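A.B. asks: The structure that follows is given in the form of structure tokens.
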Amino acid sequence: MKASVLLVTALILAVMCPACYPKRIGPPGANGKRLTWPEMSFEQRKAHMGNEVLPRAAVIFKGWRPERYAAVNCSLCHGQGARIGIFAMPTSHLPRLSGDFLLGPEFQKHPQTTRLKLNRLVPEISDALGVKPFSILSRRGFGCYSCHLGPDGPLFGN
């Protein structure tokens, strides 16, 4: 009985959850409701990145390797393009990923880094942006390939 209740609850949440995204995380729009990431202007997104996204990423990176990430700024993710206002993602500034469905090569080569990014960074940044985290089932949402390129370029609709 308990298993069937859990299954029904999970199915209801799975059906309802897409309606929760994108979340309203930005400043108020013309209708008084907070804006979603896609609705925000370039300047609003830039402010949100500085006020919400960058501080969250900084906490994660500084907690992981404080000596390497003592000063975290936009170039951590966006590279030198950030200095001239180029913020396009995914970017060639970051290491290319294997394209392997379950990130096997990344786990083999950098297990701690891969786990940190999957378990902490991706959920934190997707929440800060108000967008769905990546789902391995739908192959949609914010995940590794939202920032990193695959071996031949963007993957999973990024």
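To be explicit about the labels: the chains of the structure tokens are called A, B, and onward in the order shown, and within each one the residues are counted from 1, while ligands get numbers from 1 in the order they are shown.
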What's around Asn119 (chain A) at 12 Å? Count only C-alpha atoms, leave out sequence neighbours fewer than 5 positions away in its own chain, and write the answer as a JSON list (two decimals) with N, CA and C atoms, in the first residue's frame.

C.D. replies:
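Below you can see selection-v4.json, which holds the result:
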[["chain", "number", "residue", "atom", "x", "y", "z"],
["A", 60, "ILE", "N", 30.27, 28.06, -3.09],
["A", 60, "ILE", "CA", 30.59, 26.67, -3.42],
["A", 60, "ILE", "C", 32.07, 26.52, -3.79],
["A", 111, "PRO", "N", 36.69, 12.77, -10.20],
["A", 111, "PRO", "CA", 35.47, 12.36, -9.47],
["A", 111, "PRO", "C", 34.95, 13.41, -8.48],
["A", 112, "GLN", "N", 35.84, 14.04, -7.72],
["A", 112, "GLN", "CA", 35.39, 15.01, -6.73],
["A", 112, "GLN", "C", 34.80, 16.25, -7.39],
["A", 113, "THR", "N", 35.45, 16.73, -8.43],
["A", 113, "THR", "CA", 34.95, 17.90, -9.15],
["A", 113, "THR", "C", 33.60, 17.61, -9.77],
["A", 114, "THR", "N", 33.48, 16.46, -10.40],
["A", 114, "THR", "CA", 32.23, 16.11, -11.07],
["A", 114, "THR", "C", 31.10, 15.98, -10.06],
["A", 124, "GLU", "N", 22.18, 24.49, -7.23],
["A", 124, "GLU", "CA", 22.22, 25.86, -6.69],
["A", 124, "GLU", "C", 22.02, 26.90, -7.78],
["A", 125, "ILE", "N", 22.71, 26.72, -8.90],
["A", 125, "ILE", "CA", 22.61, 27.71, -9.97],
["A", 125, "ILE", "C", 21.27, 27.60, -10.69],
["A", 126, "SER", "N", 20.76, 26.40, -10.91],
["A", 126, "SER", "CA", 19.44, 26.29, -11.54],
["A", 126, "SER", "C", 18.38, 26.95, -10.66],
["A", 133, "PRO", "N", 16.32, 22.05, -13.15],
["A", 133, "PRO", "CA", 17.61, 21.35, -13.22],
["A", 133, "PRO", "C", 17.53, 20.29, -14.32],
["A", 134, "PHE", "N", 18.68, 19.92, -14.84],
["A", 134, "PHE", "CA", 18.74, 18.94, -15.92],
["A", 134, "PHE", "C", 18.12, 17.61, -15.49],
["A", 143, "GLY", "N", 22.10, 22.11, -16.62],
["A", 143, "GLY", "CA", 23.03, 21.08, -16.19],
["A", 143, "GLY", "C", 24.44, 21.40, -16.67],
["A", 144, "CYS", "N", 25.28, 20.40, -16.68],
["A", 144, "CYS", "CA", 26.69, 20.56, -17.05],
["A", 144, "CYS", "C", 26.86, 21.24, -18.40]]

A.B. asks: Skip region 19-35 of chain A itself and residues of its chain fewer than 5 positions away, then list as a PyMOL selection string all residues within 12 Å of it, counting only C-alpha atoms.

C.D. replies: chain A and resi 12-14+40-49+51-53+126-133+141-142

A.B. asks: Take the residues just selected and output them with C-alpha atoms as an mmCIF file, in the first residue's frame.

C.D. replies:
data_model
loop_
_atom_site.group_PDB
_atom_site.id
_atom_site.type_symbol
_atom_site.label_atom_id
_atom_site.label_comp_id
_atom_site.auth_asym_id
_atom_site.auth_seq_id
_atom_site.Cartn_x
_atom_site.Cartn_y
_atom_site.Cartn_z
ATOM 1 C CA ILE A 12 1.530 13.780 -9.468
ATOM 2 C CA LEU A 13 4.666 15.777 -8.639
ATOM 3 C CA ALA A 14 6.239 14.850 -11.974
ATOM 4 C CA MET A 40 14.369 39.614 -17.887
ATOM 5 C CA SER A 41 16.272 42.159 -19.965
ATOM 6 C CA PHE A 42 20.036 41.915 -20.446
ATOM 7 C CA GLU A 43 20.621 44.519 -17.722
ATOM 8 C CA GLN A 44 18.230 42.781 -15.319
ATOM 9 C CA ARG A 45 19.939 39.450 -15.953
ATOM 10 C CA LYS A 46 23.336 41.014 -15.409
ATOM 11 C CA ALA A 47 22.200 42.472 -12.072
ATOM 12 C CA HIS A 48 20.645 39.145 -11.040
ATOM 13 C CA MET A 49 23.858 37.314 -11.890
ATOM 14 C CA ASN A 51 23.404 39.728 -6.824
ATOM 15 C CA GLU A 52 22.251 36.090 -6.756
ATOM 16 C CA VAL A 53 24.136 33.701 -9.015
ATOM 17 C CA SER A 126 19.442 26.286 -11.541
ATOM 18 C CA ASP A 127 17.582 27.468 -8.417
ATOM 19 C CA ALA A 128 19.207 30.927 -8.618
ATOM 20 C CA LEU A 129 18.143 31.192 -12.266
ATOM 21 C CA GLY A 130 14.681 29.804 -11.543
ATOM 22 C CA VAL A 131 15.040 27.155 -14.232
ATOM 23 C CA LYS A 132 14.565 23.392 -14.135
ATOM 24 C CA PRO A 133 17.607 21.349 -13.223
ATOM 25 C CA GLY A 141 17.051 21.734 -18.068
ATOM 26 C CA PHE A 142 20.080 23.426 -16.533
#

A.B. asks: Identify all residues of chain A in alpha helix (DSSP H) (DSSP on the backbone) and supply them as a ChimeraX atom specification.

C.D. replies: /A:2-16,42-48,54-64,75-78,104-109,111-116,122-129

A.B. asks: So how many Å separate CA of Ile84 (chain A) and CA of Phe156 (chain A), to one decimal?

C.D. replies: 27.5 Å

A.B. asks: At a cut-off of 8 Å, using only C-alpha atoms, what residues contact Ser92 (chain A)? Leave out same-chain residues fewer than 4 positions from it and give the result as an mmCIF file with N, CA and C atoms, in the first residue's frame.

C.D. replies:
data_model
loop_
_atom_site.group_PDB
_atom_site.id
_atom_site.type_symbol
_atom_site.label_atom_id
_atom_site.label_comp_id
_atom_site.auth_asym_id
_atom_site.auth_seq_id
_atom_site.Cartn_x
_atom_site.Cartn_y
_atom_site.Cartn_z
ATOM 1 N N ARG A 96 35.943 21.288 -22.264
ATOM 2 C CA ARG A 96 34.903 20.529 -22.972
ATOM 3 C C ARG A 96 34.665 19.216 -22.250
ATOM 4 N N HIS A 148 29.317 24.063 -20.090
ATOM 5 C CA HIS A 148 30.400 23.406 -20.831
ATOM 6 C C HIS A 148 29.923 22.931 -22.194
ATOM 7 N N LEU A 149 30.813 23.007 -23.164
ATOM 8 C CA LEU A 149 30.545 22.429 -24.482
ATOM 9 C C LEU A 149 30.855 20.942 -24.445
#

A.B. asks: Write down as a count of residues only the residues belonging to chain A that are assigned strand (DSSP E or B) by DSSP computed on the backbone.

C.D. replies: 16

A.B. asks: For Ile136 (chain A), which residue among A:Leu102, A:Ala82, A:Cys77, A:Leu118 is the nearest when counting only C-alpha atoms?

C.D. replies: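 Closest to Ile136 (chain A) of all the choices is A:Leu102.
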
A.B. asks: What separation in Å, quoted to one decimal, exists between CA of Gly79 (chain A) and CA of Cys147 (chain A)?

C.D. replies: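 The value is 11.2 Å.
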
A.B. asks: CA of Arg139 (chain A) to CA of Gly99 (chain A): how many Å, to one decimal?

C.D. replies: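 Separation of CA of Arg139 (chain A) and CA of Gly99 (chain A): 12.3 Å.
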
A.B. asks: Do a neighbour search on Val59 (chain A) at 12 Å with only C-alpha atoms, toss out local chain neighbours closer than 5 positions, and write the hits as a list of chain:residue names.

C.D. replies: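 The neighbour list is A:Glu52, A:Val53, A:Leu54, A:Trp64, A:Arg65, A:Pro66, A:Tyr69, A:Ala70, A:Ala71, A:Val72, A:Asn73, A:Arg120, A:Leu121, A:Glu124, A:Ile125.
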
A.B. asks: Could you turn the residues from that selection into a file that holds N, CA and C atoms, as a CSV table (one decimal), in the first residue's frame?

C.D. replies:
chain,number,residue,atom,x,y,z
A,52,GLU,N,22.7,37.4,-7.2
A,52,GLU,CA,22.3,36.1,-6.8
A,52,GLU,C,23.1,34.9,-7.2
A,53,VAL,N,23.4,34.9,-8.5
A,53,VAL,CA,24.1,33.7,-9.0
A,53,VAL,C,25.6,33.7,-8.6
A,54,LEU,N,26.3,34.8,-8.8
A,54,LEU,CA,27.7,34.8,-8.5
A,54,LEU,C,28.0,34.6,-7.0
A,64,TRP,N,35.2,24.8,-1.6
A,64,TRP,CA,35.8,23.6,-2.2
A,64,TRP,C,37.3,23.8,-2.3
A,65,ARG,N,37.8,24.9,-2.8
A,65,ARG,CA,39.2,25.2,-3.0
A,65,ARG,C,39.5,26.6,-2.7
A,66,PRO,N,39.5,27.0,-1.4
A,66,PRO,CA,39.6,28.4,-1.0
A,66,PRO,C,40.9,29.1,-1.6
A,69,TYR,N,40.2,29.7,-5.4
A,69,TYR,CA,39.0,30.6,-5.7
A,69,TYR,C,38.8,31.6,-4.7
A,70,ALA,N,39.9,32.3,-4.2
A,70,ALA,CA,39.8,33.3,-3.2
A,70,ALA,C,39.0,34.5,-3.7
A,71,ALA,N,39.2,34.8,-5.0
A,71,ALA,CA,38.4,35.9,-5.6
A,71,ALA,C,37.6,35.3,-6.8
A,72,VAL,N,36.3,35.3,-6.7
A,72,VAL,CA,35.5,34.8,-7.7
A,72,VAL,C,34.7,35.9,-8.4
A,73,ASN,N,34.8,36.0,-9.7
A,73,ASN,CA,34.1,37.0,-10.5
A,73,ASN,C,33.5,36.4,-11.8
A,120,ARG,N,26.1,20.0,-6.0
A,120,ARG,CA,25.9,21.3,-5.4
A,120,ARG,C,25.8,22.4,-6.4
A,121,LEU,N,26.7,22.5,-7.3
A,121,LEU,CA,26.7,23.7,-8.2
A,121,LEU,C,25.4,23.7,-9.1
A,124,GLU,N,22.2,24.5,-7.2
A,124,GLU,CA,22.2,25.9,-6.7
A,124,GLU,C,22.0,26.9,-7.8
A,125,ILE,N,22.7,26.7,-8.9
A,125,ILE,CA,22.6,27.7,-10.0
A,125,ILE,C,21.3,27.6,-10.7
